>>> print(open('work-v7.pdb').read())   # PDB, C-alpha atoms, pLDDT in the B column
MODEL        1
ATOM      1  CA  MET A   1      -5.380  26.469 -50.238  1.00 48.00           C
ATOM      2  CA  GLY A   2      -4.859  22.977 -51.662  1.00 48.00           C
ATOM      3  CA  LYS A   3      -2.613  22.022 -48.758  1.00 51.00           C
ATOM      4  CA  ARG A   4      -5.239  23.046 -46.189  1.00 58.00           C
ATOM      5  CA  LEU A   5      -7.869  20.991 -47.986  1.00 54.00           C
ATOM      6  CA  TRP A   6      -5.514  18.000 -47.993  1.00 55.00           C
ATOM      7  CA  VAL A   7      -4.949  18.304 -44.232  1.00 58.00           C
ATOM      8  CA  LYS A   8      -8.694  18.547 -43.599  1.00 60.00           C
ATOM      9  CA  GLU A   9      -9.305  15.412 -45.650  1.00 62.00           C
ATOM     10  CA  ILE A  10      -6.695  13.483 -43.656  1.00 60.00           C
ATOM     11  CA  LEU A  11      -8.198  14.642 -40.352  1.00 61.00           C
ATOM     12  CA  PHE A  12     -11.655  13.691 -41.574  1.00 54.00           C
ATOM     13  CA  CYS A  13     -10.442  10.203 -42.526  1.00 56.00           C
ATOM     14  CA  PHE A  14      -8.765   9.766 -39.141  1.00 55.00           C
ATOM     15  CA  SER A  15     -11.968  10.787 -37.364  1.00 59.00           C
ATOM     16  CA  LEU A  16     -13.955   8.254 -39.391  1.00 50.00           C
ATOM     17  CA  VAL A  17     -11.489   5.478 -38.578  1.00 49.00           C
ATOM     18  CA  PHE A  18     -11.476   6.426 -34.891  1.00 45.00           C
ATOM     19  CA  THR A  19     -15.285   6.473 -34.766  1.00 50.00           C
ATOM     20  CA  PHE A  20     -15.450   3.097 -36.488  1.00 43.00           C
ATOM     21  CA  LEU A  21     -12.915   1.520 -34.124  1.00 43.00           C
ATOM     22  CA  LEU A  22     -14.665   2.975 -31.086  1.00 48.00           C
ATOM     23  CA  SER A  23     -18.038   1.688 -32.280  1.00 48.00           C
ATOM     24  CA  ALA A  24     -16.536  -1.727 -32.962  1.00 45.00           C
ATOM     25  CA  GLU A  25     -15.035  -1.807 -29.469  1.00 51.00           C
ATOM     26  CA  ILE A  26     -18.381  -0.915 -27.892  1.00 50.00           C
ATOM     27  CA  VAL A  27     -20.216  -3.573 -29.907  1.00 49.00           C
ATOM     28  CA  LEU A  28     -17.573  -6.159 -29.006  1.00 49.00           C
ATOM     29  CA  ALA A  29     -17.768  -5.207 -25.336  1.00 54.00           C
ATOM     30  CA  GLN A  30     -21.558  -5.462 -25.381  1.00 56.00           C
ATOM     31  CA  THR A  31     -21.386  -8.844 -27.095  1.00 62.00           C
ATOM     32  CA  ASN A  32     -18.907 -10.152 -24.548  1.00 66.00           C
ATOM     33  CA  CYS A  33     -20.985  -8.846 -21.642  1.00 77.00           C
ATOM     34  CA  ASN A  34     -24.201 -10.327 -23.003  1.00 73.00           C
ATOM     35  CA  GLN A  35     -22.714 -13.812 -23.072  1.00 75.00           C
ATOM     36  CA  CYS A  36     -22.751 -13.935 -19.270  1.00 79.00           C
ATOM     37  CA  HIS A  37     -25.135 -11.128 -18.336  1.00 79.00           C
ATOM     38  CA  SER A  38     -28.044 -11.955 -20.622  1.00 78.00           C
ATOM     39  CA  ASN A  39     -30.581 -11.124 -17.897  1.00 82.00           C
ATOM     40  CA  ILE A  40     -29.141  -7.634 -17.505  1.00 82.00           C
ATOM     41  CA  ALA A  41     -29.029  -7.192 -21.268  1.00 79.00           C
ATOM     42  CA  GLU A  42     -32.756  -7.938 -21.314  1.00 82.00           C
ATOM     43  CA  GLU A  43     -33.392  -5.267 -18.678  1.00 83.00           C
ATOM     44  CA  LEU A  44     -31.388  -2.724 -20.642  1.00 83.00           C
ATOM     45  CA  LYS A  45     -33.497  -3.119 -23.775  1.00 82.00           C
ATOM     46  CA  ASP A  46     -36.213  -0.752 -22.550  1.00 83.00           C
ATOM     47  CA  SER A  47     -33.951   1.309 -20.314  1.00 89.00           C
ATOM     48  CA  VAL A  48     -33.178   4.956 -21.002  1.00 89.00           C
ATOM     49  CA  HIS A  49     -29.558   3.830 -20.777  1.00 88.00           C
ATOM     50  CA  SER A  50     -29.921   1.335 -23.629  1.00 83.00           C
ATOM     51  CA  PRO A  51     -27.807   3.474 -26.032  1.00 83.00           C
ATOM     52  CA  LEU A  52     -24.895   3.321 -23.595  1.00 82.00           C
ATOM     53  CA  SER A  53     -22.198   0.702 -23.499  1.00 79.00           C
ATOM     54  CA  CYS A  54     -21.644  -1.418 -20.390  1.00 81.00           C
ATOM     55  CA  ILE A  55     -18.167   0.059 -20.024  1.00 77.00           C
ATOM     56  CA  THR A  56     -19.646   3.554 -19.884  1.00 81.00           C
ATOM     57  CA  CYS A  57     -20.538   2.823 -16.268  1.00 83.00           C
ATOM     58  CA  HIS A  58     -18.355  -0.206 -15.573  1.00 81.00           C
ATOM     59  CA  SER A  59     -15.124   1.396 -16.713  1.00 76.00           C
ATOM     60  CA  ASP A  60     -13.214  -0.422 -13.963  1.00 75.00           C
ATOM     61  CA  VAL A  61     -13.902  -3.807 -15.558  1.00 74.00           C
ATOM     62  CA  GLU A  62     -10.835  -4.836 -17.514  1.00 72.00           C
ATOM     63  CA  GLY A  63     -10.498  -8.008 -19.487  1.00 68.00           C
ATOM     64  CA  TYR A  64     -12.932 -10.740 -20.361  1.00 69.00           C
ATOM     65  CA  PRO A  65     -13.967 -12.728 -18.453  1.00 71.00           C
ATOM     66  CA  HIS A  66     -13.573 -10.517 -15.391  1.00 72.00           C
ATOM     67  CA  ASP A  67     -13.583 -11.087 -11.659  1.00 73.00           C
ATOM     68  CA  PRO A  68     -17.236 -11.509 -10.596  1.00 68.00           C
ATOM     69  CA  GLY A  69     -16.423 -10.214  -7.140  1.00 60.00           C
ATOM     70  CA  ILE A  70     -16.131  -6.545  -8.117  1.00 62.00           C
ATOM     71  CA  ALA A  71     -18.047  -4.555  -5.500  1.00 65.00           C
ATOM     72  CA  VAL A  72     -19.120  -0.943  -5.707  1.00 76.00           C
ATOM     73  CA  THR A  73     -19.872   1.145  -2.633  1.00 84.00           C
ATOM     74  CA  LYS A  74     -22.907   3.401  -2.604  1.00 88.00           C
ATOM     75  CA  LYS A  75     -20.739   6.501  -2.806  1.00 89.00           C
ATOM     76  CA  GLU A  76     -18.910   5.048  -5.801  1.00 88.00           C
ATOM     77  CA  SER A  77     -22.214   4.331  -7.539  1.00 87.00           C
ATOM     78  CA  VAL A  78     -23.364   7.920  -6.938  1.00 90.00           C
ATOM     79  CA  ASP A  79     -20.057   9.235  -8.274  1.00 90.00           C
ATOM     80  CA  MET A  80     -20.517   7.005 -11.310  1.00 88.00           C
ATOM     81  CA  CYS A  81     -23.956   8.461 -12.053  1.00 90.00           C
ATOM     82  CA  SER A  82     -22.687  11.991 -11.450  1.00 89.00           C
ATOM     83  CA  LYS A  83     -20.288  11.708 -14.374  1.00 88.00           C
ATOM     84  CA  CYS A  84     -23.225  12.161 -16.750  1.00 89.00           C
ATOM     85  CA  HIS A  85     -26.000  13.514 -14.546  1.00 88.00           C
ATOM     86  CA  LYS A  86     -24.927  16.972 -13.453  1.00 85.00           C
ATOM     87  CA  GLY A  87     -26.646  20.179 -12.447  1.00 84.00           C
ATOM     88  CA  ILE A  88     -29.781  20.305 -10.335  1.00 82.00           C
ATOM     89  CA  VAL A  89     -30.159  16.507 -10.228  1.00 85.00           C
ATOM     90  CA  THR A  90     -26.768  15.936  -8.628  1.00 86.00           C
ATOM     91  CA  GLU A  91     -26.780  19.091  -6.516  1.00 85.00           C
ATOM     92  CA  SER A  92     -30.221  18.424  -5.051  1.00 85.00           C
ATOM     93  CA  TYR A  93     -29.268  14.843  -4.201  1.00 88.00           C
ATOM     94  CA  GLN A  94     -26.096  15.993  -2.461  1.00 86.00           C
ATOM     95  CA  GLU A  95     -28.173  18.412  -0.377  1.00 82.00           C
ATOM     96  CA  SER A  96     -30.726  15.754   0.562  1.00 84.00           C
ATOM     97  CA  PHE A  97     -30.609  13.544   3.652  1.00 85.00           C
ATOM     98  CA  HIS A  98     -29.826  10.527   1.473  1.00 90.00           C
ATOM     99  CA  GLY A  99     -26.958  12.298  -0.256  1.00 89.00           C
ATOM    100  CA  LYS A 100     -25.409  13.622   2.946  1.00 88.00           C
ATOM    101  CA  ALA A 101     -25.610  10.176   4.561  1.00 91.00           C
ATOM    102  CA  ILE A 102     -23.936   8.550   1.553  1.00 91.00           C
ATOM    103  CA  PHE A 103     -21.210  11.219   1.595  1.00 90.00           C
ATOM    104  CA  LEU A 104     -20.526  10.374   5.253  1.00 90.00           C
ATOM    105  CA  GLY A 105     -20.090   6.703   4.343  1.00 88.00           C
ATOM    106  CA  SER A 106     -23.530   5.216   4.973  1.00 88.00           C
ATOM    107  CA  GLN A 107     -24.297   1.974   3.164  1.00 88.00           C
ATOM    108  CA  ARG A 108     -27.944   2.006   4.246  1.00 89.00           C
ATOM    109  CA  SER A 109     -29.075   5.299   2.763  1.00 90.00           C
ATOM    110  CA  ALA A 110     -30.578   5.367  -0.721  1.00 90.00           C
ATOM    111  CA  SER A 111     -28.258   5.917  -3.656  1.00 91.00           C
ATOM    112  CA  CYS A 112     -29.304   6.646  -7.243  1.00 90.00           C
ATOM    113  CA  VAL A 113     -29.732   2.970  -8.148  1.00 90.00           C
ATOM    114  CA  ASP A 114     -31.858   2.226  -5.077  1.00 91.00           C
ATOM    115  CA  CYS A 115     -34.584   4.497  -6.416  1.00 90.00           C
ATOM    116  CA  HIS A 116     -34.007   4.379 -10.172  1.00 91.00           C
ATOM    117  CA  SER A 117     -32.696   0.797 -10.514  1.00 88.00           C
ATOM    118  CA  SER A 118     -29.236  -0.035 -11.756  1.00 85.00           C
ATOM    119  CA  HIS A 119     -30.059  -1.295 -15.251  1.00 88.00           C
ATOM    120  CA  LYS A 120     -33.792  -1.112 -15.903  1.00 89.00           C
ATOM    121  CA  VAL A 121     -33.860   2.664 -15.626  1.00 90.00           C
ATOM    122  CA  LEU A 122     -37.202   3.850 -16.961  1.00 90.00           C
ATOM    123  CA  GLY A 123     -38.563   7.346 -17.357  1.00 88.00           C
ATOM    124  CA  GLN A 124     -40.819   8.798 -14.688  1.00 86.00           C
ATOM    125  CA  ASP A 125     -43.779   8.702 -17.076  1.00 88.00           C
ATOM    126  CA  ASN A 126     -43.367   4.972 -17.672  1.00 91.00           C
ATOM    127  CA  PRO A 127     -45.913   3.077 -15.516  1.00 91.00           C
ATOM    128  CA  HIS A 128     -43.327   0.331 -14.894  1.00 90.00           C
ATOM    129  CA  SER A 129     -40.733   2.782 -13.605  1.00 91.00           C
ATOM    130  CA  GLN A 130     -39.700   2.565  -9.960  1.00 90.00           C
ATOM    131  CA  VAL A 131     -40.074   6.337  -9.735  1.00 89.00           C
ATOM    132  CA  ALA A 132     -43.481   6.516 -11.413  1.00 89.00           C
ATOM    133  CA  LYS A 133     -45.812   8.295  -8.996  1.00 85.00           C
ATOM    134  CA  GLU A 134     -47.950   5.232  -8.291  1.00 86.00           C
ATOM    135  CA  ASN A 135     -44.850   3.076  -7.678  1.00 89.00           C
ATOM    136  CA  ILE A 136     -42.946   5.441  -5.390  1.00 87.00           C
ATOM    137  CA  PRO A 137     -44.437   4.101  -2.110  1.00 87.00           C
ATOM    138  CA  GLU A 138     -43.364   0.584  -3.102  1.00 88.00           C
ATOM    139  CA  THR A 139     -39.887   1.823  -4.016  1.00 89.00           C
ATOM    140  CA  CYS A 140     -39.565   3.690  -0.723  1.00 88.00           C
ATOM    141  CA  ALA A 141     -40.759   0.571   1.117  1.00 88.00           C
ATOM    142  CA  LYS A 142     -37.395  -1.044   0.374  1.00 88.00           C
ATOM    143  CA  CYS A 143     -35.976   1.096   3.181  1.00 88.00           C
ATOM    144  CA  HIS A 144     -38.960   2.732   4.896  1.00 87.00           C
ATOM    145  CA  LYS A 145     -41.454   0.477   6.638  1.00 85.00           C
ATOM    146  CA  ASN A 146     -45.100   1.018   5.725  1.00 81.00           C
ATOM    147  CA  PRO A 147     -44.642   4.160   3.619  1.00 78.00           C
ATOM    148  CA  SER A 148     -47.813   6.194   3.245  1.00 77.00           C
ATOM    149  CA  PRO A 149     -49.183   7.365  -0.118  1.00 74.00           C
ATOM    150  CA  GLY A 150     -47.852  10.778   0.871  1.00 75.00           C
ATOM    151  CA  PHE A 151     -44.382   9.603  -0.131  1.00 73.00           C
ATOM    152  CA  ALA A 152     -45.482   9.959  -3.744  1.00 71.00           C
ATOM    153  CA  GLU A 153     -46.554  13.563  -3.219  1.00 73.00           C
ATOM    154  CA  GLY A 154     -43.112  14.866  -2.367  1.00 70.00           C
ATOM    155  CA  ALA A 155     -40.936  16.421  -5.053  1.00 70.00           C
ATOM    156  CA  GLU A 156     -37.421  15.165  -5.704  1.00 75.00           C
ATOM    157  CA  HIS A 157     -34.389  16.832  -7.228  1.00 76.00           C
ATOM    158  CA  PHE A 158     -35.525  20.377  -6.573  1.00 73.00           C
ATOM    159  CA  GLN A 159     -33.503  23.457  -5.833  1.00 74.00           C
ATOM    160  CA  LEU A 160     -33.605  24.975  -2.363  1.00 74.00           C
ATOM    161  CA  SER A 161     -34.997  28.402  -3.135  1.00 76.00           C
ATOM    162  CA  ALA A 162     -37.659  30.785  -1.921  1.00 79.00           C
ATOM    163  CA  MET A 163     -39.834  29.753  -4.855  1.00 79.00           C
ATOM    164  CA  GLY A 164     -40.972  26.384  -6.172  1.00 74.00           C
ATOM    165  CA  PRO A 165     -41.159  22.972  -4.485  1.00 74.00           C
ATOM    166  CA  GLY A 166     -38.043  23.660  -2.420  1.00 75.00           C
ATOM    167  CA  LYS A 167     -39.679  26.585  -0.607  1.00 80.00           C
ATOM    168  CA  PRO A 168     -40.595  24.742   2.662  1.00 80.00           C
ATOM    169  CA  MET A 169     -37.142  23.215   3.049  1.00 79.00           C
ATOM    170  CA  TYR A 170     -35.494  26.504   2.098  1.00 83.00           C
ATOM    171  CA  TYR A 171     -37.188  28.389   4.921  1.00 88.00           C
ATOM    172  CA  THR A 172     -36.741  25.458   7.307  1.00 88.00           C
ATOM    173  CA  ALA A 173     -33.012  25.512   6.612  1.00 85.00           C
ATOM    174  CA  LYS A 174     -32.933  29.292   7.083  1.00 90.00           C
ATOM    175  CA  PHE A 175     -34.800  28.947  10.375  1.00 94.00           C
ATOM    176  CA  PHE A 176     -32.332  26.424  11.780  1.00 94.00           C
ATOM    177  CA  VAL A 177     -29.340  28.457  10.593  1.00 94.00           C
ATOM    178  CA  TRP A 178     -30.595  31.541  12.403  1.00 95.00           C
ATOM    179  CA  LEU A 179     -31.664  29.473  15.411  1.00 96.00           C
ATOM    180  CA  THR A 180     -28.138  28.063  15.642  1.00 96.00           C
ATOM    181  CA  ILE A 181     -26.598  31.534  15.354  1.00 96.00           C
ATOM    182  CA  ILE A 182     -28.888  32.953  18.052  1.00 97.00           C
ATOM    183  CA  VAL A 183     -28.354  30.020  20.430  1.00 97.00           C
ATOM    184  CA  MET A 184     -24.577  30.135  19.986  1.00 97.00           C
ATOM    185  CA  THR A 185     -24.559  33.910  20.493  1.00 96.00           C
ATOM    186  CA  LEU A 186     -26.577  33.611  23.705  1.00 96.00           C
ATOM    187  CA  LEU A 187     -24.299  30.800  24.857  1.00 96.00           C
ATOM    188  CA  VAL A 188     -21.197  32.948  24.321  1.00 96.00           C
ATOM    189  CA  ILE A 189     -22.829  35.854  26.174  1.00 96.00           C
ATOM    190  CA  HIS A 190     -23.768  33.515  29.017  1.00 95.00           C
ATOM    191  CA  ILE A 191     -20.207  32.189  29.261  1.00 95.00           C
ATOM    192  CA  GLU A 192     -18.763  35.705  29.220  1.00 94.00           C
ATOM    193  CA  LEU A 193     -21.142  36.847  31.965  1.00 94.00           C
ATOM    194  CA  GLN A 194     -20.294  33.762  33.986  1.00 93.00           C
ATOM    195  CA  CYS A 195     -16.586  34.459  33.593  1.00 94.00           C
ATOM    196  CA  TYR A 196     -17.118  38.106  34.541  1.00 91.00           C
ATOM    197  CA  HIS A 197     -19.054  37.069  37.635  1.00 90.00           C
ATOM    198  CA  SER A 198     -16.382  34.532  38.647  1.00 90.00           C
ATOM    199  CA  ILE A 199     -13.549  37.049  38.205  1.00 89.00           C
ATOM    200  CA  ARG A 200     -15.480  39.671  40.151  1.00 86.00           C
ATOM    201  CA  GLU A 201     -16.102  37.261  43.027  1.00 86.00           C
ATOM    202  CA  MET A 202     -12.447  36.238  43.038  1.00 86.00           C
ATOM    203  CA  LEU A 203     -11.285  39.875  43.229  1.00 84.00           C
ATOM    204  CA  ARG A 204     -13.788  40.596  45.984  1.00 82.00           C
ATOM    205  CA  GLU A 205     -12.473  37.683  48.050  1.00 79.00           C
ATOM    206  CA  ARG A 206      -8.903  38.919  47.633  1.00 79.00           C
ATOM    207  CA  LYS A 207      -9.854  42.389  48.837  1.00 75.00           C
ATOM    208  CA  GLY A 208     -11.599  40.876  51.839  1.00 68.00           C
ATOM    209  CA  ARG A 209      -8.387  39.203  52.919  1.00 63.00           C
TER     210      ARG A 209
ENDMDL
END
>>> encode(input="work-v7.pdb", output="structure tokens")
Amino acid sequence: MGKRLWVKEILFCFSLVFTFLLSAEIVLAQTNCNQCHSNIAEELKDSVHSPLSCITCHSDVEGYPHDPGIAVTKKESVDMCSKCHKGIVTESYQESFHGKAIFLGSQRSASCVDCHSSHKVLGQDNPHSQVAKENIPETCAKCHKNPSPGFAEGAEHFQLSAMGPGKPMYYTAKFFVWLTIIVMTLLVIHIELQCYHSIREMLRERKGR
């Protein structure tokens, strides 16, 4: 019994030391980053990501100072966000036009940071947020010319199902799936009939000889 208690105490001490060292590393990293990126540090103050360390997202940055020329593709930025944001948020984005375009290598389609910002990420209820309802048309205007107020009426990050905001797209997707199946089936039937007709004509010509 005493031995088990002794082992638990050692493990507890190790966990405290590890937590302290990790916290110290994060604070040191933040301090180093803030020396050059003070403007970004200011943006992060009110961000929902303020509790995070810079290296949480920028894990590829090694050493201080680092190469300022580090570039991140849109797909890489989406993958970066997906490490923490999972479930319906990620799945719905992957199913969207933007997500599919990014997956295929587009650098013009909207990634997470294009809509939510890269550092000053504010909640949807914050009036200064890029995704606040009244600001959505302006956010969409970065890519879409003259967006109408209707842009703000659409729901984002919804599940394609027969119920809820995804209902129209769900049935639209179903319609095109069945339309594709029917068209392809008719095309195969047409080709088979054409082949049958050609073979029949060829046999008829041979008999005529």
>>> atom_distance(input="work-v7.pdb", atom1="CA of Lys133 (chain A)", atom2="CA of Val48 (chain A)")
17.7 Å
>>> atom_distance(input="work-v7.pdb", atom1="CA of Glu134 (chain A)", atom2="CA of Ala152 (chain A)")
7.0 Å
>>> resolve_selection(input="work-v7.pdb", expression="the PyMOL selection byres ((chain A and resi 102) around 12)", output="list in words")
Thr73, Lys74, Lys75, Glu76, Ser77, Val78, Asp79, Tyr93, Gln94, Glu95, Ser96, Phe97, His98, Gly99, Lys100, Ala101, Phe103, Leu104, Gly105, Ser106, Gln107, Arg108, Ser109, Ala110, Ser111 and Cys112 of chain A
>>> write_last_selection(input="work-v7.pdb", atoms="C-alpha atoms", output="mmCIF file, in the frame of the given file")
data_model
loop_
_atom_site.group_PDB
_atom_site.id
_atom_site.type_symbol
_atom_site.label_atom_id
_atom_site.label_comp_id
_atom_site.auth_asym_id
_atom_site.auth_seq_id
_atom_site.Cartn_x
_atom_site.Cartn_y
_atom_site.Cartn_z
ATOM 1 C CA THR A 73 -19.872 1.145 -2.633
ATOM 2 C CA LYS A 74 -22.907 3.401 -2.604
ATOM 3 C CA LYS A 75 -20.739 6.501 -2.806
ATOM 4 C CA GLU A 76 -18.910 5.048 -5.801
ATOM 5 C CA SER A 77 -22.214 4.331 -7.539
ATOM 6 C CA VAL A 78 -23.364 7.920 -6.938
ATOM 7 C CA ASP A 79 -20.057 9.235 -8.274
ATOM 8 C CA TYR A 93 -29.268 14.843 -4.201
ATOM 9 C CA GLN A 94 -26.096 15.993 -2.461
ATOM 10 C CA GLU A 95 -28.173 18.412 -0.377
ATOM 11 C CA SER A 96 -30.726 15.754 0.562
ATOM 12 C CA PHE A 97 -30.609 13.544 3.652
ATOM 13 C CA HIS A 98 -29.826 10.527 1.473
ATOM 14 C CA GLY A 99 -26.958 12.298 -0.256
ATOM 15 C CA LYS A 100 -25.409 13.622 2.946
ATOM 16 C CA ALA A 101 -25.610 10.176 4.561
ATOM 17 C CA PHE A 103 -21.210 11.219 1.595
ATOM 18 C CA LEU A 104 -20.526 10.374 5.253
ATOM 19 C CA GLY A 105 -20.090 6.703 4.343
ATOM 20 C CA SER A 106 -23.530 5.216 4.973
ATOM 21 C CA GLN A 107 -24.297 1.974 3.164
ATOM 22 C CA ARG A 108 -27.944 2.006 4.246
ATOM 23 C CA SER A 109 -29.075 5.299 2.763
ATOM 24 C CA ALA A 110 -30.578 5.367 -0.721
ATOM 25 C CA SER A 111 -28.258 5.917 -3.656
ATOM 26 C CA CYS A 112 -29.304 6.646 -7.243
#
>>> closest_residue(input="work-v7.pdb", among="A:Leu122, A:Ser161, A:Cys57, A:Leu186", to="Lys174 (chain A)", atoms="all atoms listed in the file")
A:Ser161
>>> residues_around(input="work-v7.pdb", residues="Ala155 (chain A)", least_positions_apart="2", cutoff="12 Å", atoms="all atoms listed in the file", output="list of chain:residue names")
A:Val89, A:Ser92, A:Tyr93, A:Ser96, A:Val131, A:Lys133, A:Ile136, A:Gly150, A:Phe151, A:Ala152, A:Glu153, A:His157, A:Phe158, A:Gln159, A:Leu160, A:Gly164, A:Pro165, A:Gly166, A:Lys167, A:Pro168, A:Met169
>>> closest_residue(input="work-v7.pdb", among="A:Val72, A:Leu52, A:Cys140, A:Val183", to="His116 (chain A)", atoms="all atoms listed in the file")
A:Cys140
>>> axis_aligned_box(input="work-v7.pdb", around="region 107-120 of chain A", padding_each_side="4 Å", output="JSON")
{"center_x": -29.4, "center_y": 2.7, "center_z": -5.8, "size_x": 18.3, "size_y": 15.9, "size_z": 28.1}
>>> residues_around(input="work-v7.pdb", residues="Thr56 (chain A)", least_positions_apart="4", cutoff="10 Å", atoms="only C-alpha atoms", output="mmCIF file with C-alpha atoms, in the frame of the given file")
data_model
loop_
_atom_site.group_PDB
_atom_site.id
_atom_site.type_symbol
_atom_site.label_atom_id
_atom_site.label_comp_id
_atom_site.auth_asym_id
_atom_site.auth_seq_id
_atom_site.Cartn_x
_atom_site.Cartn_y
_atom_site.Cartn_z
ATOM 1 C CA ILE A 26 -18.381 -0.915 -27.892
ATOM 2 C CA HIS A 49 -29.558 3.830 -20.777
ATOM 3 C CA LEU A 52 -24.895 3.321 -23.595
ATOM 4 C CA ASP A 60 -13.214 -0.422 -13.963
ATOM 5 C CA MET A 80 -20.517 7.005 -11.310
ATOM 6 C CA LYS A 83 -20.288 11.708 -14.374
ATOM 7 C CA CYS A 84 -23.225 12.161 -16.750
#
>>> atom_distance(input="work-v7.pdb", atom1="CA of Ser53 (chain A)", atom2="CA of Asp125 (chain A)")
23.9 Å
>>> resolve_selection(input="work-v7.pdb", expression="the PyMOL selection byres ((chain A and resi 44) around 12)", output="list in words")
Gln30, Asn34, His37, Ser38, Asn39, Ile40, Ala41, Glu42, Glu43, Lys45, Asp46, Ser47, Val48, His49, Ser50, Pro51, Leu52, Ser53, Cys54, Ser117, Ser118, His119, Lys120, Val121 and Leu122 of chain A
>>> closest_residue(input="work-v7.pdb", among="A:Glu192, A:Glu138, A:Glu205, A:Glu91", to="Glu156 (chain A)", atoms="only C-alpha atoms")
A:Glu91
>>> build_atoms(input="work-v7.pdb", residues="region 177-183 of chain A", atoms="all heavy atoms", output="JSON list (two decimals), in the coordinates of the input")
[["chain", "number", "residue", "atom", "x", "y", "z"],
["A", 177, "VAL", "N", -30.61, 27.71, 10.64],
["A", 177, "VAL", "CA", -29.34, 28.46, 10.59],
["A", 177, "VAL", "C", -29.38, 29.62, 11.57],
["A", 177, "VAL", "O", -28.47, 29.82, 12.38],
["A", 177, "VAL", "CB", -29.05, 28.96, 9.16],
["A", 177, "VAL", "CG1", -27.93, 29.99, 9.18],
["A", 177, "VAL", "CG2", -28.68, 27.80, 8.25],
["A", 178, "TRP", "N", -30.47, 30.40, 11.51],
["A", 178, "TRP", "CA", -30.60, 31.54, 12.40],
["A", 178, "TRP", "C", -30.78, 31.10, 13.85],
["A", 178, "TRP", "O", -30.28, 31.75, 14.78],
["A", 178, "TRP", "CB", -31.76, 32.43, 11.97],
["A", 178, "TRP", "CG", -31.37, 33.33, 10.83],
["A", 178, "TRP", "CD1", -31.72, 33.22, 9.53],
["A", 178, "TRP", "CD2", -30.51, 34.47, 10.92],
["A", 178, "TRP", "NE1", -31.15, 34.21, 8.78],
["A", 178, "TRP", "CE2", -30.40, 35.01, 9.61],
["A", 178, "TRP", "CE3", -29.83, 35.10, 11.96],
["A", 178, "TRP", "CZ2", -29.64, 36.13, 9.32],
["A", 178, "TRP", "CZ3", -29.07, 36.23, 11.68],
["A", 178, "TRP", "CH2", -28.97, 36.73, 10.38],
["A", 179, "LEU", "N", -31.50, 29.99, 14.05],
["A", 179, "LEU", "CA", -31.66, 29.47, 15.41],
["A", 179, "LEU", "C", -30.31, 29.09, 16.00],
["A", 179, "LEU", "O", -30.02, 29.38, 17.17],
["A", 179, "LEU", "CB", -32.59, 28.25, 15.39],
["A", 179, "LEU", "CG", -32.85, 27.58, 16.74],
["A", 179, "LEU", "CD1", -33.56, 28.54, 17.69],
["A", 179, "LEU", "CD2", -33.66, 26.30, 16.56],
["A", 180, "THR", "N", -29.48, 28.45, 15.19],
["A", 180, "THR", "CA", -28.14, 28.06, 15.64],
["A", 180, "THR", "C", -27.30, 29.29, 15.98],
["A", 180, "THR", "O", -26.61, 29.32, 17.01],
["A", 180, "THR", "CB", -27.43, 27.23, 14.55],
["A", 180, "THR", "OG1", -28.22, 26.08, 14.25],
["A", 180, "THR", "CG2", -26.06, 26.78, 15.02],
["A", 181, "ILE", "N", -27.37, 30.30, 15.12],
["A", 181, "ILE", "CA", -26.60, 31.53, 15.35],
["A", 181, "ILE", "C", -27.04, 32.21, 16.65],
["A", 181, "ILE", "O", -26.21, 32.62, 17.48],
["A", 181, "ILE", "CB", -26.76, 32.50, 14.16],
["A", 181, "ILE", "CG1", -26.08, 31.92, 12.92],
["A", 181, "ILE", "CG2", -26.18, 33.88, 14.50],
["A", 181, "ILE", "CD1", -26.33, 32.72, 11.65],
["A", 182, "ILE", "N", -28.36, 32.30, 16.85],
["A", 182, "ILE", "CA", -28.89, 32.95, 18.05],
["A", 182, "ILE", "C", -28.51, 32.18, 19.31],
["A", 182, "ILE", "O", -28.06, 32.76, 20.31],
["A", 182, "ILE", "CB", -30.42, 33.10, 17.94],
["A", 182, "ILE", "CG1", -30.77, 34.10, 16.84],
["A", 182, "ILE", "CG2", -31.02, 33.55, 19.27],
["A", 182, "ILE", "CD1", -32.25, 34.14, 16.49],
["A", 183, "VAL", "N", -28.68, 30.85, 19.26],
["A", 183, "VAL", "CA", -28.35, 30.02, 20.43],
["A", 183, "VAL", "C", -26.87, 30.12, 20.77],
["A", 183, "VAL", "O", -26.49, 30.26, 21.94],
["A", 183, "VAL", "CB", -28.76, 28.55, 20.17],
["A", 183, "VAL", "CG1", -28.20, 27.65, 21.26],
["A", 183, "VAL", "CG2", -30.27, 28.42, 20.12]]
